[in-house]
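J.: For reference, this is data-v7.txt, and it has compact mmCIF, C-alpha atoms and all ligand atoms.
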```
# COMPACT_ATOMS: atom_id res chain seq x y z
CA MET Z 13 -25.36 -13.41 64.06
CA PRO Z 14 -22.89 -14.90 61.59
CA ILE Z 15 -19.16 -14.31 61.75
CA ILE Z 16 -18.17 -12.21 58.74
CA ALA Z 17 -14.78 -12.77 57.14
CA PRO Z 18 -13.99 -10.49 54.19
CA SER Z 19 -11.58 -12.13 51.74
CA MET Z 20 -8.60 -9.86 51.13
CA LEU Z 21 -8.04 -11.51 47.74
CA SER Z 22 -10.50 -8.97 46.33
CA ALA Z 23 -8.90 -5.98 48.10
CA ASP Z 24 -7.06 -3.26 46.17
CA PHE Z 25 -3.41 -4.12 46.89
CA LEU Z 26 -2.27 -0.66 45.86
CA LYS Z 27 -4.02 0.64 48.93
CA LEU Z 28 -3.80 -2.35 51.21
CA GLY Z 29 -3.31 -0.27 54.36
CA GLU Z 30 -6.56 1.62 53.75
CA GLU Z 31 -8.40 -1.63 53.00
CA ILE Z 32 -7.18 -3.14 56.29
CA GLU Z 33 -8.27 -0.02 58.22
CA MET Z 34 -11.65 -0.21 56.50
CA ILE Z 35 -12.07 -3.77 57.81
CA ASN Z 36 -10.72 -2.78 61.25
CA ASN Z 37 -13.41 -0.11 61.48
CA SER Z 38 -16.22 -2.28 60.13
CA GLU Z 39 -18.46 -4.89 61.76
CA ALA Z 40 -16.39 -7.68 60.18
CA ASP Z 41 -15.07 -10.28 62.62
CA TRP Z 42 -12.16 -11.88 60.79
CA PHE Z 43 -9.76 -11.29 57.90
CA HIS Z 44 -9.93 -14.21 55.42
CA LEU Z 45 -6.54 -14.70 53.76
CA ASP Z 46 -6.28 -16.93 50.70
CA VAL Z 47 -2.91 -18.53 50.01
CA MET Z 48 -2.60 -20.22 46.58
CA ASP Z 49 0.37 -22.13 45.20
CA GLY Z 50 -0.46 -22.46 41.49
CA ILE Z 51 -0.50 -26.27 41.82
CA PHE Z 52 -3.38 -27.20 44.09
CA VAL Z 53 -5.33 -24.39 42.43
CA PRO Z 54 -4.67 -22.73 39.06
CA ASN Z 55 -3.74 -19.38 40.58
CA ILE Z 56 -0.99 -17.88 42.75
CA SER Z 57 -1.81 -15.29 45.41
CA TYR Z 58 0.34 -14.24 48.36
CA GLY Z 59 2.13 -15.91 51.26
CA MET Z 60 3.68 -15.43 54.67
CA PRO Z 61 5.63 -12.19 54.11
CA ILE Z 62 2.50 -10.31 53.03
CA ILE Z 63 0.40 -11.81 55.84
CA LYS Z 64 3.07 -10.84 58.36
CA GLN Z 65 2.98 -7.24 57.13
CA MET Z 66 -0.81 -7.15 57.22
CA LYS Z 67 -0.78 -8.41 60.81
CA ARG Z 68 1.02 -5.25 61.91
CA LEU Z 69 -2.04 -3.15 61.07
CA ALA Z 70 -4.96 -5.56 61.29
CA LYS Z 71 -6.89 -5.74 64.56
CA LYS Z 72 -9.02 -8.84 63.93
CA THR Z 73 -8.65 -12.61 63.81
CA PHE Z 74 -6.58 -13.96 60.90
CA ASP Z 75 -8.37 -16.80 59.13
CA VAL Z 76 -5.77 -18.26 56.76
CA HIS Z 77 -7.03 -20.57 53.99
CA LEU Z 78 -4.21 -22.62 52.51
CA MET Z 79 -4.81 -23.80 48.94
CA VAL Z 80 -1.39 -25.41 48.66
CA GLU Z 81 -0.02 -28.90 48.18
CA GLU Z 82 1.64 -30.49 51.21
CA PRO Z 83 0.53 -27.73 53.60
CA GLN Z 84 2.22 -29.56 56.49
CA ARG Z 85 5.50 -27.99 55.27
CA TYR Z 86 4.37 -24.52 56.32
CA LEU Z 87 2.32 -24.77 59.53
CA GLU Z 88 4.88 -23.10 61.75
CA ASP Z 89 5.63 -20.41 59.17
CA PHE Z 90 1.99 -19.35 59.05
CA ARG Z 91 1.76 -19.39 62.83
CA ASP Z 92 4.75 -17.05 62.92
CA ALA Z 93 3.16 -14.86 60.23
CA GLY Z 94 0.11 -14.36 62.45
CA ALA Z 95 -2.50 -17.01 61.58
CA ASP Z 96 -5.14 -17.54 64.27
CA TYR Z 97 -7.13 -20.10 62.29
CA LEU Z 98 -5.14 -22.22 59.83
CA THR Z 99 -7.17 -24.20 57.30
CA VAL Z 100 -5.77 -26.94 55.06
CA HIS Z 101 -7.62 -28.81 52.33
CA TYR Z 102 -8.86 -32.37 52.79
CA GLU Z 103 -7.76 -33.09 49.22
CA THR Z 104 -4.10 -32.33 50.00
CA GLY Z 105 -3.47 -34.73 52.85
CA TYR Z 106 -2.63 -38.34 53.59
CA HIS Z 107 -2.25 -37.61 57.29
CA LEU Z 108 -4.83 -34.99 58.11
CA HIS Z 109 -5.28 -36.07 61.71
CA ARG Z 110 -1.60 -35.37 62.30
CA THR Z 111 -1.75 -32.05 60.45
CA LEU Z 112 -4.78 -30.86 62.42
CA THR Z 113 -3.34 -31.84 65.78
CA THR Z 114 -0.04 -30.17 64.86
CA ILE Z 115 -1.83 -26.92 63.98
CA LYS Z 116 -3.45 -26.96 67.44
CA ALA Z 117 -0.21 -27.87 69.18
CA LEU Z 118 1.32 -24.79 67.54
CA GLY Z 119 -1.36 -22.69 69.26
CA MET Z 120 -3.73 -22.08 66.35
CA LYS Z 121 -7.30 -23.18 65.66
CA ALA Z 122 -7.42 -25.98 63.10
CA GLY Z 123 -9.50 -25.68 59.94
CA LEU Z 124 -10.28 -28.27 57.29
CA ALA Z 125 -11.64 -27.31 53.87
CA ILE Z 126 -13.56 -29.58 51.51
CA ASN Z 127 -13.91 -28.95 47.78
CA PRO Z 128 -17.35 -29.20 46.14
CA HIS Z 129 -16.68 -32.81 45.05
CA THR Z 130 -15.68 -34.02 48.53
CA PRO Z 131 -18.56 -35.48 50.59
CA VAL Z 132 -19.04 -34.17 54.13
CA GLU Z 133 -19.02 -37.83 55.20
CA MET Z 134 -15.22 -37.94 54.67
CA VAL Z 135 -14.53 -35.83 57.76
CA LYS Z 136 -16.78 -37.64 60.21
CA ASP Z 137 -14.08 -39.59 62.06
CA ILE Z 138 -11.97 -36.49 62.70
CA ILE Z 139 -14.70 -33.92 63.31
CA HIS Z 140 -13.62 -33.46 66.95
CA GLU Z 141 -10.20 -32.28 65.76
CA ILE Z 142 -11.69 -29.62 63.47
CA ASP Z 143 -12.40 -26.16 64.90
CA LEU Z 144 -13.52 -24.82 61.51
CA LEU Z 145 -15.02 -26.83 58.65
CA LEU Z 146 -14.71 -24.78 55.47
CA VAL Z 147 -17.25 -25.96 52.92
CA MET Z 148 -16.20 -24.60 49.52
CA SER Z 149 -19.16 -23.23 47.59
CA ILE Z 150 -17.07 -22.74 44.43
CA ASN Z 151 -14.06 -24.53 42.97
CA PRO Z 152 -11.21 -22.71 44.70
CA GLY Z 153 -8.73 -20.53 42.87
CA PHE Z 154 -10.50 -17.28 42.08
CA GLY Z 155 -12.77 -14.72 43.66
CA GLY Z 156 -15.97 -13.55 42.01
CA GLN Z 157 -17.36 -16.97 41.02
CA LYS Z 158 -20.95 -18.12 41.25
CA PHE Z 159 -22.18 -19.98 44.36
CA LEU Z 160 -22.81 -23.70 43.70
CA PRO Z 161 -26.32 -24.67 44.94
CA LEU Z 162 -25.12 -28.18 45.90
CA THR Z 163 -23.55 -26.45 48.90
CA PHE Z 164 -26.88 -26.13 50.73
CA ASP Z 165 -27.20 -29.88 51.25
CA LYS Z 166 -23.61 -30.06 52.39
CA ILE Z 167 -24.15 -27.37 55.00
CA ARG Z 168 -27.16 -29.25 56.38
CA GLN Z 169 -25.18 -32.51 56.44
CA ALA Z 170 -22.26 -30.82 58.17
CA LYS Z 171 -24.55 -29.31 60.80
CA GLU Z 172 -26.16 -32.68 61.45
CA LEU Z 173 -22.77 -34.37 61.75
CA ILE Z 174 -21.43 -31.74 64.17
CA LEU Z 175 -24.54 -31.80 66.37
CA GLY Z 176 -24.75 -35.59 66.23
CA LYS Z 177 -21.15 -35.96 67.39
CA GLY Z 178 -21.40 -33.20 69.99
CA ALA Z 179 -18.54 -31.29 68.36
CA SER Z 180 -18.13 -27.52 68.50
CA THR Z 181 -16.87 -27.10 64.93
CA LEU Z 182 -17.83 -23.88 63.14
CA ILE Z 183 -19.09 -24.17 59.55
CA GLU Z 184 -17.60 -21.63 57.15
CA ILE Z 185 -18.84 -21.00 53.61
CA ASP Z 186 -16.44 -19.62 51.02
CA GLY Z 187 -17.21 -18.55 47.46
CA GLY Z 188 -20.01 -16.66 45.79
CA VAL Z 189 -21.60 -15.38 49.02
CA THR Z 190 -23.84 -12.38 48.26
CA LEU Z 191 -26.46 -10.26 50.02
CA ASN Z 192 -29.05 -12.36 48.16
CA ASN Z 193 -27.99 -15.85 49.26
CA ALA Z 194 -26.53 -15.10 52.72
CA ALA Z 195 -29.81 -15.64 54.60
CA ASP Z 196 -30.35 -19.08 53.02
CA ILE Z 197 -26.76 -20.07 53.78
CA ILE Z 198 -27.20 -19.12 57.44
CA ALA Z 199 -30.59 -20.85 57.60
CA ALA Z 200 -28.95 -24.06 56.35
CA GLY Z 201 -26.56 -23.95 59.33
CA ALA Z 202 -23.48 -21.89 58.44
CA ASP Z 203 -21.66 -19.93 61.17
CA VAL Z 204 -19.06 -18.02 59.14
CA LEU Z 205 -19.48 -16.22 55.81
CA VAL Z 206 -16.46 -15.39 53.65
CA ALA Z 207 -17.11 -12.59 51.17
CA GLY Z 208 -14.62 -11.15 48.70
CA ASN Z 209 -16.25 -9.66 45.66
CA THR Z 210 -19.48 -8.80 47.50
CA VAL Z 211 -17.58 -6.63 49.99
CA PHE Z 212 -14.81 -5.10 47.91
CA SER Z 213 -16.79 -4.31 44.77
CA ALA Z 214 -19.55 -2.63 46.79
CA THR Z 215 -19.85 1.15 46.68
CA ASP Z 216 -20.07 1.07 50.47
CA PRO Z 217 -18.09 -1.98 51.72
CA GLN Z 218 -18.70 -1.24 55.41
CA ASP Z 219 -22.44 -1.04 54.86
CA THR Z 220 -22.32 -4.32 52.93
CA ILE Z 221 -20.44 -5.96 55.82
CA LYS Z 222 -23.08 -4.60 58.21
CA LYS Z 223 -25.86 -6.08 56.07
CA LEU Z 224 -24.10 -9.47 55.91
CA LYS Z 225 -23.68 -9.33 59.68
CA GLN Z 226 -27.40 -8.73 60.16
CA THR Z 227 -28.31 -11.70 57.98
CA GLY Z 228 -30.78 -14.07 59.56
CA LYS Z 229 -31.27 -11.88 62.63
C1 LIG Z 301 -11.29 -18.67 46.38
C2 LIG Z 301 -11.12 -18.20 47.79
C3 LIG Z 301 -12.19 -17.33 48.28
C4 LIG Z 301 -12.48 -16.10 47.44
C5 LIG Z 301 -13.94 -15.78 47.64
O1 LIG Z 301 -10.56 -19.81 46.14
O2 LIG Z 301 -11.03 -19.30 48.70
O3 LIG Z 301 -11.95 -16.95 49.64
O4 LIG Z 301 -11.69 -15.00 47.73
O5 LIG Z 301 -14.26 -14.75 46.81
P1 LIG Z 301 -15.77 -14.38 46.48
O6 LIG Z 301 -16.45 -14.04 47.75
O7 LIG Z 301 -15.63 -13.21 45.55
O8 LIG Z 301 -16.39 -15.58 45.79
ZN ZN Z 302 -10.87 -18.72 50.84
```
Once you've parsed the file, please lay out its structure as structure tokens.
Ligand code: DX5
Ligand code: ZN
T.:
Amino acid sequence: MPIIAPSMLSADFLKLGEEIEMINNSEADWFHLDVMDGIFVPNISYGMPIIKQMKRLAKKTFDVHLMVEEPQRYLEDFRDAGADYLTVHYETGYHLHRTLTTIKALGMKAGLAINPHTPVEMVKDIIHEIDLLLVMSINPGFGGQKFLPLTFDKIRQAKELILGKGASTLIEIDGGVTLNNAADIIAAGADVLVAGNTVFSATDPQDTIKKLKQTGK
């Protein structure tokens, strides 16, 4: 069964406590938390103070997705805010090996995200340092976008790379995941599904999470 990580970007922030409890009481596995700086992506979301508050109520793994320039400035801050997985973007780093090993030395799992234009090939030499490979299935910045079909090949390539190198990296897919495409995404080799709009715009979010969880069973 896939790991399901609802993206809180699509939650109703006027009732954030209720949204967190809804996830706590659902079959979701992780909270996916999108941090945007308005430079790496054309949008600004929330940062450490909000994540720290959410951690007080949330009972599941915090999967923090940093869409910020020079993420190495903030690794310790996000650890202190409660990140369990901390993911930085390939496109933001000159020294990713150092960043990934620092994340792990700080006691977190290390994630690396690749944008749609970045070939899977680029991560092959550091795959053993990556606990979570986040393959973006949209151009990051906003929830509610349409899944890019080019992602399917990338998932297959990532799976082949991970198996070929004997790594234990999880493959996470983020952007445009729906009840219609989830089974194909899992069949291609994904381990973790992020879902924002699909969960939070549903009339029954917990039932939608349950259906995502049962994908490919
Ligand atoms: C976008 C974020 C995603 C976003 C996904 O840059 O990384 O996590 O919230 O939202 P949906 O599932 O609505 O495409
Ligand atoms: Zn994300």
J.: Which is closer to Leu28 (chain Z) than all the others in Z:Asn192, Z:Lys67, Z:Arg168, Z:Ala95, using all atoms listed in the file?
T.: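 Counting all atoms listed in the file, the residue closest to Leu28 (chain Z) is Z:Lys67.
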J.: Write out as CSV a residue-level contact list of chain Z versus ligand ZN 302 (chain Z) with cut-off 7 Å: for each qualifying residue the closest pair of atoms and the distance in Å to one decimal, counting all atoms listed in the file, rows sorted by chain and residue number upward.
T.:
```
residue,atom,partner,partner_atom,distance
Z:Ser19,CA,Z:ZN302,ZN,6.7
Z:His44,CA,Z:ZN302,ZN,6.5
Z:Leu45,CA,Z:ZN302,ZN,6.6
Z:Asp46,CA,Z:ZN302,ZN,4.9
Z:His77,CA,Z:ZN302,ZN,5.3
Z:Asp186,CA,Z:ZN302,ZN,5.6
```
J.: Find the residue from Z:Lys222, Z:His107, Z:His101, Z:Lys166 that sits nearest to ligand LIG 301 (chain Z); use all atoms listed in the file when measuring.
T.: Z:His101
J.: Can I get the residues close to ligand LIG 301 (chain Z) as a PyMOL selection string, where close means within 7 Å and we count only C-alpha atoms and all ligand atoms?
T.: chain Z and resi 19-22+44+46+77+151-158+186-189+206-210
J.: With distances taken over all atoms listed in the file, which residue among Z:Leu112, Z:Ala179, Z:Ile142, Z:Leu69 lies nearest Gly94 (chain Z)?
T.: Z:Leu69
